[in-house]
>>> print(open('entry.txt').read())   # compact mmCIF, C-alpha atoms
# COMPACT_ATOMS: atom_id res chain seq x y z
CA ALA A 721 -16.31 -34.82 101.19
CA GLY A 722 -12.78 -34.46 99.86
CA ARG A 723 -13.37 -36.99 97.12
CA ALA A 724 -16.65 -35.24 96.21
CA ARG A 725 -14.75 -32.01 95.70
CA ALA A 726 -12.19 -33.80 93.56
CA HIS A 727 -15.00 -35.18 91.38
CA ALA A 728 -16.47 -31.67 91.14
CA ARG A 729 -13.16 -30.27 89.89
CA LEU A 730 -13.36 -32.87 87.11
CA GLN A 731 -17.03 -31.95 86.53
CA GLN A 732 -18.06 -35.48 87.47
CA TRP A 733 -21.26 -34.27 89.05
CA ASP A 734 -23.01 -37.60 89.68
CA GLN A 735 -20.02 -38.95 91.61
CA ALA A 736 -19.62 -35.64 93.45
CA VAL A 737 -23.26 -35.75 94.58
CA ALA A 738 -22.98 -39.38 95.65
CA ASP A 739 -19.88 -38.76 97.76
CA MET A 740 -21.22 -35.56 99.33
CA THR A 741 -24.45 -37.36 100.17
CA ARG A 742 -22.37 -40.01 101.95
CA ALA A 743 -20.58 -37.26 103.88
CA LEU A 744 -23.94 -35.80 104.91
CA GLU A 745 -25.09 -39.17 106.18
CA MET A 746 -22.19 -38.94 108.63
CA ARG A 747 -22.66 -35.24 109.42
CA PRO A 748 -26.24 -34.35 108.43
CA ASN A 749 -26.13 -30.68 109.45
CA GLU A 750 -22.75 -29.62 108.11
CA PRO A 751 -23.49 -26.32 106.24
CA SER A 752 -20.45 -26.56 103.96
CA TYR A 753 -21.49 -30.04 102.82
CA LEU A 754 -25.05 -28.92 102.16
CA LEU A 755 -23.84 -25.91 100.18
CA ALA A 756 -21.47 -28.04 98.13
CA ARG A 757 -24.14 -30.61 97.33
CA ALA A 758 -26.58 -27.85 96.37
CA ARG A 759 -24.04 -26.58 93.83
CA TYR A 760 -23.45 -30.08 92.48
CA VAL A 761 -27.09 -31.07 92.04
CA GLU A 762 -27.76 -27.72 90.38
CA GLN A 763 -25.16 -28.70 87.76
CA LEU A 764 -27.30 -31.77 87.12
CA GLY A 765 -30.34 -29.56 86.55
CA GLU A 766 -32.01 -30.55 89.83
CA SER A 767 -33.04 -27.09 91.00
CA ASP A 768 -35.57 -28.31 93.57
CA ALA A 769 -32.99 -30.52 95.27
CA ALA A 770 -30.50 -27.63 95.32
CA LEU A 771 -33.07 -25.32 96.88
CA ALA A 772 -33.93 -27.95 99.48
CA ASP A 773 -30.29 -28.11 100.59
CA LEU A 774 -30.01 -24.33 100.69
CA ASP A 775 -33.21 -24.08 102.71
CA ARG A 776 -31.67 -26.44 105.28
CA ILE A 777 -28.58 -24.24 105.63
CA ILE A 778 -30.33 -20.95 106.44
CA PRO A 779 -31.51 -21.91 109.98
CA LEU A 780 -28.16 -23.58 110.72
CA ALA A 781 -25.67 -21.01 109.45
CA PRO A 782 -27.11 -18.03 107.56
CA SER A 783 -24.50 -16.23 105.50
CA VAL A 784 -24.24 -13.75 102.65
CA GLU A 785 -22.88 -16.48 100.39
CA VAL A 786 -25.84 -18.79 100.98
CA PHE A 787 -28.39 -16.04 100.51
CA LEU A 788 -26.72 -14.98 97.25
CA VAL A 789 -26.51 -18.54 95.92
CA ARG A 790 -30.18 -19.12 96.70
CA ALA A 791 -31.13 -15.74 95.21
CA ASN A 792 -29.45 -16.62 91.92
CA LEU A 793 -31.10 -20.04 91.83
CA ARG A 794 -34.51 -18.63 92.65
CA GLU A 795 -34.20 -16.03 89.90
CA ARG A 796 -33.21 -18.67 87.37
CA THR A 797 -36.25 -20.76 88.31
CA GLY A 798 -38.60 -17.76 88.01
CA ASP A 799 -39.11 -17.01 91.71
CA LEU A 800 -38.32 -13.31 91.45
CA ALA A 801 -39.94 -12.36 94.75
CA GLY A 802 -37.93 -15.05 96.53
CA ALA A 803 -34.74 -13.93 94.80
CA LEU A 804 -35.22 -10.34 95.91
CA GLU A 805 -36.03 -11.51 99.42
CA ASP A 806 -32.71 -13.36 99.56
CA LEU A 807 -30.79 -10.41 98.17
CA ASN A 808 -32.34 -8.18 100.82
CA SER A 809 -31.50 -10.77 103.49
CA ALA A 810 -27.88 -10.87 102.33
CA ILE A 811 -27.61 -7.11 102.73
CA ALA A 812 -29.38 -7.18 106.09
CA HIS A 813 -26.99 -9.90 107.24
CA ASP A 814 -23.95 -7.81 106.25
CA PRO A 815 -24.72 -4.20 105.27
CA GLU A 816 -21.04 -3.67 104.41
CA ASN A 817 -20.88 -6.42 101.79
CA ALA A 818 -20.23 -4.80 98.42
CA GLU A 819 -20.89 -7.98 96.46
CA ALA A 820 -24.40 -8.22 97.88
CA PHE A 821 -25.18 -4.70 96.70
CA ARG A 822 -23.60 -5.43 93.32
CA GLN A 823 -25.71 -8.54 92.83
CA ARG A 824 -28.90 -6.79 93.92
CA GLY A 825 -28.08 -3.95 91.53
CA ALA A 826 -27.66 -6.48 88.71
CA PHE A 827 -31.01 -8.05 89.65
CA TYR A 828 -32.75 -4.67 89.49
CA GLU A 829 -31.05 -3.88 86.19
CA ARG A 830 -32.28 -7.15 84.67
CA ARG A 831 -35.77 -6.29 85.86
CA GLY A 832 -35.59 -2.82 84.29
CA ASP A 833 -35.50 -0.81 87.56
CA MET A 834 -32.56 1.35 86.54
CA GLN A 835 -32.81 3.86 89.39
CA GLN A 836 -32.63 1.18 92.07
CA ALA A 837 -29.86 -0.57 90.15
CA LEU A 838 -27.84 2.63 90.03
CA SER A 839 -28.36 3.18 93.74
CA ASP A 840 -27.09 -0.30 94.60
CA TYR A 841 -24.10 -0.05 92.25
CA ARG A 842 -23.15 3.27 93.84
CA GLU A 843 -23.29 1.69 97.28
CA ALA A 844 -21.17 -1.23 96.03
CA VAL A 845 -18.40 1.07 94.82
CA ARG A 846 -18.63 3.16 98.00
CA LEU A 847 -17.95 0.01 100.00
CA ALA A 848 -15.38 -1.38 97.55
CA PRO A 849 -14.01 1.39 95.29
CA ASP A 850 -11.91 -1.13 93.35
CA LEU A 851 -14.95 -2.85 91.80
CA ALA A 852 -14.18 -2.00 88.18
CA TRP A 853 -17.17 -4.03 86.94
CA ALA A 854 -19.55 -1.91 89.01
CA HIS A 855 -18.04 1.31 87.66
CA LEU A 856 -18.69 0.01 84.12
CA ARG A 857 -22.30 -0.77 84.92
CA ILE A 858 -22.78 2.63 86.56
CA ALA A 859 -21.42 4.25 83.42
CA GLN A 860 -23.88 2.33 81.25
CA LEU A 861 -26.81 3.43 83.39
CA TYR A 862 -25.66 7.04 83.37
CA ARG A 863 -25.38 6.85 79.60
CA GLN A 864 -28.93 5.52 79.34
CA GLN A 865 -30.02 8.52 81.40
CA GLU A 866 -28.03 10.77 79.04
CA ASP A 867 -25.79 11.94 81.90
CA LEU A 868 -22.70 11.71 79.73
CA GLY A 869 -20.41 13.60 82.08
CA ALA A 870 -21.09 11.18 84.92
CA ALA A 871 -20.73 8.23 82.54
CA GLU A 872 -17.32 9.48 81.41
CA GLN A 873 -16.22 9.89 85.02
CA SER A 874 -17.27 6.34 85.94
CA LEU A 875 -15.49 4.91 82.91
CA SER A 876 -12.34 6.81 83.81
CA MET A 877 -12.47 5.23 87.27
CA ALA A 878 -12.91 1.78 85.72
CA ILE A 879 -9.91 2.38 83.45
CA ALA A 880 -7.79 3.53 86.36
CA LEU A 881 -8.62 0.24 88.13
CA GLN A 882 -8.21 -1.96 85.05
CA PRO A 883 -6.05 -0.15 82.49
CA ASP A 884 -5.77 -3.32 80.39
CA ASP A 885 -9.52 -3.59 79.71
CA PRO A 886 -10.13 -2.56 76.07
CA GLU A 887 -13.92 -2.55 76.55
CA ALA A 888 -13.69 0.31 79.05
CA TYR A 889 -11.72 2.40 76.55
CA ILE A 890 -14.24 1.62 73.81
CA GLN A 891 -17.15 2.60 76.01
CA ARG A 892 -15.46 5.84 77.06
CA ALA A 893 -14.73 6.59 73.40
CA LYS A 894 -18.44 6.20 72.64
CA VAL A 895 -19.35 8.60 75.43
CA ARG A 896 -16.74 11.10 74.25
CA LEU A 897 -18.07 10.71 70.71
CA GLU A 898 -21.52 11.73 71.96
CA LEU A 899 -19.90 14.65 73.79
CA ARG A 900 -18.16 15.57 70.49
CA GLN A 901 -14.76 15.18 72.15
CA LEU A 902 -13.48 13.58 68.99
CA ALA A 903 -9.75 13.75 69.64
CA SER A 904 -10.17 12.17 73.07
CA ALA A 905 -12.43 9.49 71.61
CA MET A 906 -9.83 8.66 68.99
CA SER A 907 -7.15 8.44 71.69
CA ASP A 908 -9.26 5.94 73.65
CA LEU A 909 -9.76 3.80 70.56
CA ASP A 910 -6.03 3.81 69.89
CA GLU A 911 -5.45 2.53 73.44
CA ALA A 912 -8.06 -0.20 72.98
CA ALA A 913 -6.40 -1.28 69.74
CA LYS A 914 -3.03 -1.56 71.48
CA ILE A 915 -4.56 -3.97 74.01
CA ASN A 916 -6.59 -6.05 71.55
CA PRO A 917 -6.53 -5.06 67.87
CA GLU A 918 -9.00 -7.83 66.93
CA LEU A 919 -12.11 -6.19 68.43
CA PRO A 920 -14.48 -5.05 65.64
CA GLU A 921 -16.12 -2.47 67.91
CA ILE A 922 -12.89 -0.44 67.93
CA TYR A 923 -13.00 0.16 64.19
CA LEU A 924 -16.78 0.56 64.07
CA THR A 925 -16.55 3.36 66.63
CA ARG A 926 -13.48 4.88 65.01
CA ALA A 927 -15.33 4.97 61.69
CA ARG A 928 -18.05 7.02 63.35
CA VAL A 929 -15.46 9.43 64.73
CA ASN A 930 -13.90 9.79 61.29
CA ARG A 931 -17.31 10.32 59.75
CA LEU A 932 -18.06 13.17 62.13
CA ASN A 933 -14.65 14.65 61.35
CA GLY A 934 -15.57 14.58 57.66
CA ARG A 935 -12.89 12.00 56.89
CA LEU A 936 -15.18 9.81 54.81
CA THR A 937 -12.50 7.72 53.11
CA ALA A 938 -10.97 6.87 56.49
CA ALA A 939 -14.44 6.04 57.79
CA ILE A 940 -15.00 3.66 54.88
CA ASP A 941 -11.66 2.00 55.59
CA ASP A 942 -12.64 1.48 59.23
CA PHE A 943 -16.07 0.10 58.35
CA THR A 944 -14.33 -2.26 55.93
CA HIS A 945 -11.94 -3.39 58.67
CA THR A 946 -14.93 -3.94 60.96
CA LEU A 947 -16.52 -6.21 58.37
CA GLN A 948 -13.30 -8.14 57.88
CA LEU A 949 -13.35 -8.96 61.60
CA ASP A 950 -17.12 -9.35 61.82
CA PRO A 951 -18.65 -10.15 58.41
CA GLU A 952 -22.19 -10.05 59.81
CA ASN A 953 -22.00 -6.59 61.35
CA THR A 954 -25.14 -4.95 59.98
CA SER A 955 -24.33 -1.57 61.53
CA ALA A 956 -21.13 -1.36 59.50
CA TYR A 957 -22.90 -2.28 56.27
CA LEU A 958 -25.61 0.35 56.80
CA ALA A 959 -23.24 3.15 57.79
CA ARG A 960 -20.87 2.42 54.91
CA ALA A 961 -23.81 2.35 52.48
CA GLN A 962 -24.94 5.75 53.72
CA ILE A 963 -21.47 7.18 53.17
CA TYR A 964 -21.28 5.67 49.69
CA ARG A 965 -24.63 7.26 48.89
CA SER A 966 -23.46 10.67 50.14
CA MET A 967 -20.39 10.29 47.91
CA GLU A 968 -22.63 9.50 44.92
CA ARG A 969 -21.48 5.92 44.68
CA PRO A 970 -24.91 4.25 44.44
CA GLU A 971 -23.65 0.89 43.16
CA ALA A 972 -21.40 0.43 46.19
CA ALA A 973 -24.18 1.60 48.52
CA LEU A 974 -26.62 -0.83 46.95
CA ALA A 975 -24.16 -3.71 47.26
CA ASP A 976 -23.80 -3.05 50.99
CA LEU A 977 -27.56 -2.81 51.51
CA ASN A 978 -28.14 -6.03 49.60
CA ALA A 979 -25.52 -7.79 51.72
CA LEU A 980 -27.11 -6.44 54.89
CA LEU A 981 -30.63 -7.49 53.90
CA ALA A 982 -29.37 -10.95 52.98
CA LEU A 983 -28.19 -11.21 56.60
CA ASP A 984 -31.28 -9.57 58.10
CA PRO A 985 -34.33 -9.27 55.81
CA GLU A 986 -36.23 -7.55 58.65
CA HIS A 987 -33.80 -4.60 58.84
CA LEU A 988 -36.25 -1.84 57.92
CA ASP A 989 -33.80 1.06 58.10
CA ALA A 990 -31.64 -0.61 55.44
CA ARG A 991 -34.69 -1.33 53.31
CA ALA A 992 -35.75 2.32 53.53
CA VAL A 993 -32.36 3.51 52.30
CA ARG A 994 -32.45 0.94 49.50
CA ALA A 995 -35.92 2.07 48.45
CA GLU A 996 -34.65 5.63 48.12
CA LEU A 997 -31.64 4.42 46.13
CA TYR A 998 -33.95 2.56 43.76
CA LEU A 999 -35.99 5.75 43.33
CA ASP A 1000 -32.82 7.70 42.55
CA ALA A 1001 -31.87 5.06 39.98
CA ASP A 1002 -35.35 5.11 38.34
CA ASN A 1003 -35.83 1.47 39.36
CA TYR A 1004 -39.41 2.14 40.33
CA THR A 1005 -40.65 -1.44 40.48
CA ALA A 1006 -37.92 -2.40 42.95
CA ALA A 1007 -38.59 0.76 44.97
CA ILE A 1008 -42.29 -0.11 45.20
CA ALA A 1009 -41.45 -3.63 46.39
CA ASP A 1010 -39.35 -2.21 49.24
CA PHE A 1011 -41.93 0.44 50.12
CA ASP A 1012 -44.60 -2.29 50.24
CA VAL A 1013 -42.62 -4.10 52.94
CA LEU A 1014 -41.91 -0.90 54.84
CA ILE A 1015 -45.54 0.21 54.84
CA GLU A 1016 -46.69 -3.21 56.00
CA GLN A 1017 -44.29 -3.07 58.94
CA ARG A 1018 -44.46 0.68 59.68
CA PRO A 1019 -47.85 1.86 58.44
CA LYS A 1020 -47.60 5.29 60.10
CA VAL A 1021 -44.46 6.59 58.37
CA VAL A 1022 -45.60 9.24 55.91
CA GLU A 1023 -42.37 9.29 53.87
CA TYR A 1024 -42.93 5.71 52.78
CA TYR A 1025 -46.29 6.56 51.23
CA LYS A 1026 -44.84 9.60 49.51
CA GLY A 1027 -41.93 7.55 48.17
CA ARG A 1028 -44.20 4.83 46.84
CA ALA A 1029 -46.55 7.43 45.37
CA SER A 1030 -43.62 8.98 43.50
CA ALA A 1031 -42.70 5.58 42.10
CA TYR A 1032 -46.27 4.88 41.03
CA GLN A 1033 -46.45 8.34 39.47
CA ALA A 1034 -43.29 7.72 37.46
CA LEU A 1035 -44.79 4.46 36.16
CA GLY A 1036 -47.98 6.27 35.14
CA LYS A 1037 -50.09 4.53 37.79
CA ARG A 1038 -51.94 7.68 38.78
CA ALA A 1039 -54.74 6.06 40.78
CA LEU A 1040 -52.28 4.22 43.01
CA ALA A 1041 -50.11 7.33 43.36
CA GLU A 1042 -53.12 9.43 44.33
CA ARG A 1043 -54.18 6.82 46.88
CA ASP A 1044 -50.77 7.01 48.57
CA PHE A 1045 -50.67 10.82 48.55
CA ARG A 1046 -54.10 10.83 50.20
CA GLU A 1047 -52.77 8.47 52.86
CA ALA A 1048 -49.83 10.82 53.35
CA VAL A 1049 -52.21 13.74 53.87
CA ALA A 1050 -54.17 11.71 56.44
CA LEU A 1051 -50.99 10.90 58.34
CA ALA A 1052 -49.38 14.35 58.10
CA PRO A 1053 -52.03 16.99 57.34
CA GLU A 1054 -49.57 19.76 58.11
CA GLU A 1055 -47.23 18.90 55.21
CA THR A 1056 -47.79 20.77 51.96
CA GLY A 1057 -46.17 18.54 49.34
CA SER A 1058 -48.92 15.93 49.16
CA TYR A 1059 -51.62 18.61 48.78
CA ILE A 1060 -49.77 19.97 45.75
CA GLU A 1061 -49.54 16.54 44.14
CA LEU A 1062 -53.21 15.83 44.83
CA GLY A 1063 -54.17 19.20 43.36
CA LEU A 1064 -52.29 18.36 40.17
CA PHE A 1065 -53.96 14.97 39.95
CA ALA A 1066 -57.39 16.56 40.39
CA ALA A 1067 -56.64 19.11 37.67
CA GLN A 1068 -55.49 16.37 35.28
CA ARG A 1069 -58.78 14.53 35.61
CA GLY A 1070 -60.75 17.79 35.24
CA ASP A 1071 -61.96 18.25 38.82
CA MET A 1072 -61.05 21.92 39.09
CA ASP A 1073 -62.92 22.56 42.33
CA GLU A 1074 -61.07 19.82 44.16
CA ALA A 1075 -57.78 20.95 42.62
CA MET A 1076 -58.39 24.48 43.86
CA ARG A 1077 -59.15 23.19 47.37
CA PHE A 1078 -55.89 21.25 47.49
CA PHE A 1079 -53.83 24.20 46.21
CA ASP A 1080 -55.51 26.59 48.65
CA GLN A 1081 -54.78 24.18 51.49
CA ALA A 1082 -51.12 23.98 50.50
CA LEU A 1083 -50.84 27.76 50.38
CA SER A 1084 -52.63 28.16 53.72
CA LEU A 1085 -50.03 25.87 55.29
CA GLY A 1086 -47.20 28.05 54.03
CA ALA A 1087 -46.29 26.50 50.70
CA ASN A 1088 -44.38 29.08 48.69
CA SER A 1089 -43.97 27.26 45.40
CA PRO A 1090 -44.17 28.79 41.91
CA ARG A 1091 -45.53 25.43 40.85
CA VAL A 1092 -48.61 25.93 43.04
CA TYR A 1093 -49.26 29.50 41.92
CA ALA A 1094 -48.82 28.57 38.26
CA ALA A 1095 -51.15 25.60 38.56
CA ARG A 1096 -53.77 27.58 40.43
CA GLY A 1097 -53.42 30.44 38.00
CA ARG A 1098 -54.18 28.08 35.10
CA LEU A 1099 -57.35 26.98 36.88
>>> encode(input="entry.txt", output="structure tokens")
Amino acid sequence: AGRARAHARLQQWDQAVADMTRALEMRPNEPSYLLARARYVEQLGESDAALADLDRIIPLAPSVEVFLVRANLRERTGDLAGALEDLNSAIAHDPENAEAFRQRGAFYERRGDMQQALSDYREAVRLAPDLAWAHLRIAQLYRQQEDLGAAEQSLSMAIALQPDDPEAYIQRAKVRLELRQLASAMSDLDEAAKINPELPEIYLTRARVNRLNGRLTAAIDDFTHTLQLDPENTSAYLARAQIYRSMERPEAALADLNALLALDPEHLDARAVRAELYLDADNYTAAIADFDVLIEQRPKVVEYYKGRASAYQALGKRALAERDFREAVALAPEETGSYIELGLFAAQRGDMDEAMRFFDQALSLGANSPRVYAARGRL
């Protein structure tokens, strides 16, 4: 048994299994030997053999540790009901065991049962208030539930327990950012940077704080720093592009969007911004190409049809433009702009009755445009 453990420390799993098997031949019902061999054979990918050893232990010496080991193995092999049964057994065996509640909470979280996960994490920290990891998970669940005050409190507890954890400061900064406590958020990010200045998330979050503060140049600098540390950070590319666009720097914005889409061609939000930039730059063919992709992937977004219609209209492709404006009306019959465009198209081809119907519809929906009155007046 001792030599088996020495082999295991060297990750020599075959030799460890062989020696522990020899030990079990001498003492067939020794729980510690069975548990050790189960761990070793699992390292060799022999899940069934590991489970067989664990099954032998339960009648001999049931313990929280064995139940938790078997629960984890059962979950990994797809036996979710068995895993939950073992987690429940661990808690029944020792209702004061914080680790058992923590692991069951993690199981529920992985399964998407956030309420039960939160309940178990709370019980874990009640039993062991120094479980910083559990406080972090509780904070994440509170944040998902939009209970930002509770999330901030849990993160503060985690920081008090582990003041050298930069991730906790970053997460609290994000919560404080959502609470619009911008100075406090910036203070948290400064603390995180003191602990580990190489974390891209620090500068990505600080850029967002600076952006909300209206410090756009500082935000750009932080997004740039993020990309220096993480050249494939698509969030930084998109946010920096949006700032460049707001600052009327379309070439820089377009460069960022092109870089982002080279990394992730399926990033539709970036493609939508680029399509609008192409429209602004009168690059209608390129805009249409982007809108084609967007409409294929998101066929219910009315703005994409209106954008493509505008591009077609600028290129003199009236039939295609009219088709897209009609699709926009079908998707958003309460919006007036497409009715106005369709009325103008109808008037241009001489269908005055249809033009009048479109203009009347726009006015009935609240359009208050001199363009509509002038066009209808000419009819």
>>> residues_around(input="entry.txt", residues="Leu974 of chain A", least_positions_apart="3", cutoff="10 Å", atoms="all atoms listed in the file", output="short mmCIF file (atom, residue, chain, number, x, y, z; two decimals) with C-alpha atoms, in the frame of the given file")
data_model
loop_
_atom_site.label_atom_id
_atom_site.label_comp_id
_atom_site.auth_asym_id
_atom_site.auth_seq_id
_atom_site.Cartn_x
_atom_site.Cartn_y
_atom_site.Cartn_z
CA LEU A 958 -25.61 0.35 56.80
CA ALA A 961 -23.81 2.35 52.48
CA GLN A 962 -24.94 5.75 53.72
CA TYR A 964 -21.28 5.67 49.69
CA ARG A 965 -24.63 7.26 48.89
CA ARG A 969 -21.48 5.92 44.68
CA PRO A 970 -24.91 4.25 44.44
CA GLU A 971 -23.65 0.89 43.16
CA LEU A 977 -27.56 -2.81 51.51
CA ASN A 978 -28.14 -6.03 49.60
CA ALA A 979 -25.52 -7.79 51.72
CA LEU A 980 -27.11 -6.44 54.89
CA ALA A 990 -31.64 -0.61 55.44
CA VAL A 993 -32.36 3.51 52.30
CA ARG A 994 -32.45 0.94 49.50
CA ALA A 995 -35.92 2.07 48.45
CA LEU A 997 -31.64 4.42 46.13
CA TYR A 998 -33.95 2.56 43.76
#
>>> closest_atom_pairs(input="entry.txt", of="segment 842-954 of chain A", to="segment 826-836 of chain A", cutoff="10 Å", atoms="all atoms listed in the file", output="Markdown table")
| residue | atom | partner | partner_atom | distance |
| --- | --- | --- | --- | --- |
| A:Arg842 | CA | A:Gln836 | CA | 9.9 |
| A:Ala854 | CA | A:Ala826 | CA | 9.3 |
| A:Arg857 | CA | A:Ala826 | CA | 8.7 |
| A:Ile858 | CA | A:Met834 | CA | 9.9 |
| A:Leu861 | CA | A:Met834 | CA | 6.9 |
| A:Tyr862 | CA | A:Met834 | CA | 9.5 |
| A:Gln864 | CA | A:Met834 | CA | 9.1 |
| A:Gln865 | CA | A:Met834 | CA | 9.2 |
>>> atom_distance(input="entry.txt", atom1="atom CA of Leu807 of chain A", atom2="atom CA of Tyr753 of chain A")
22.2 Å
>>> atom_distance(input="entry.txt", atom1="atom CA of Ala743 of chain A", atom2="atom CA of Ala721 of chain A")
5.6 Å
>>> atom_distance(input="entry.txt", atom1="atom CA of Ala803 of chain A", atom2="atom CA of His727 of chain A")
29.2 Å
>>> closest_residue(input="entry.txt", among="A:Pro886, A:Pro951, A:Gly869, A:Gly1027", to="Glu898 of chain A", atoms="only C-alpha atoms")
A:Gly869
>>> residues_around(input="entry.txt", residues="Asp806 of chain A", least_positions_apart="6", cutoff="9 Å", atoms="only C-alpha atoms", output="PyMOL selection string")
chain A and resi 786-792+794
>>> axis_aligned_box(input="entry.txt", around="segment 762-768 of chain A", padding_each_side="8 Å", output="JSON")
{"center_x": -30.4, "center_y": -29.4, "center_z": 90.1, "size_x": 26.4, "size_y": 20.7, "size_z": 23.0}
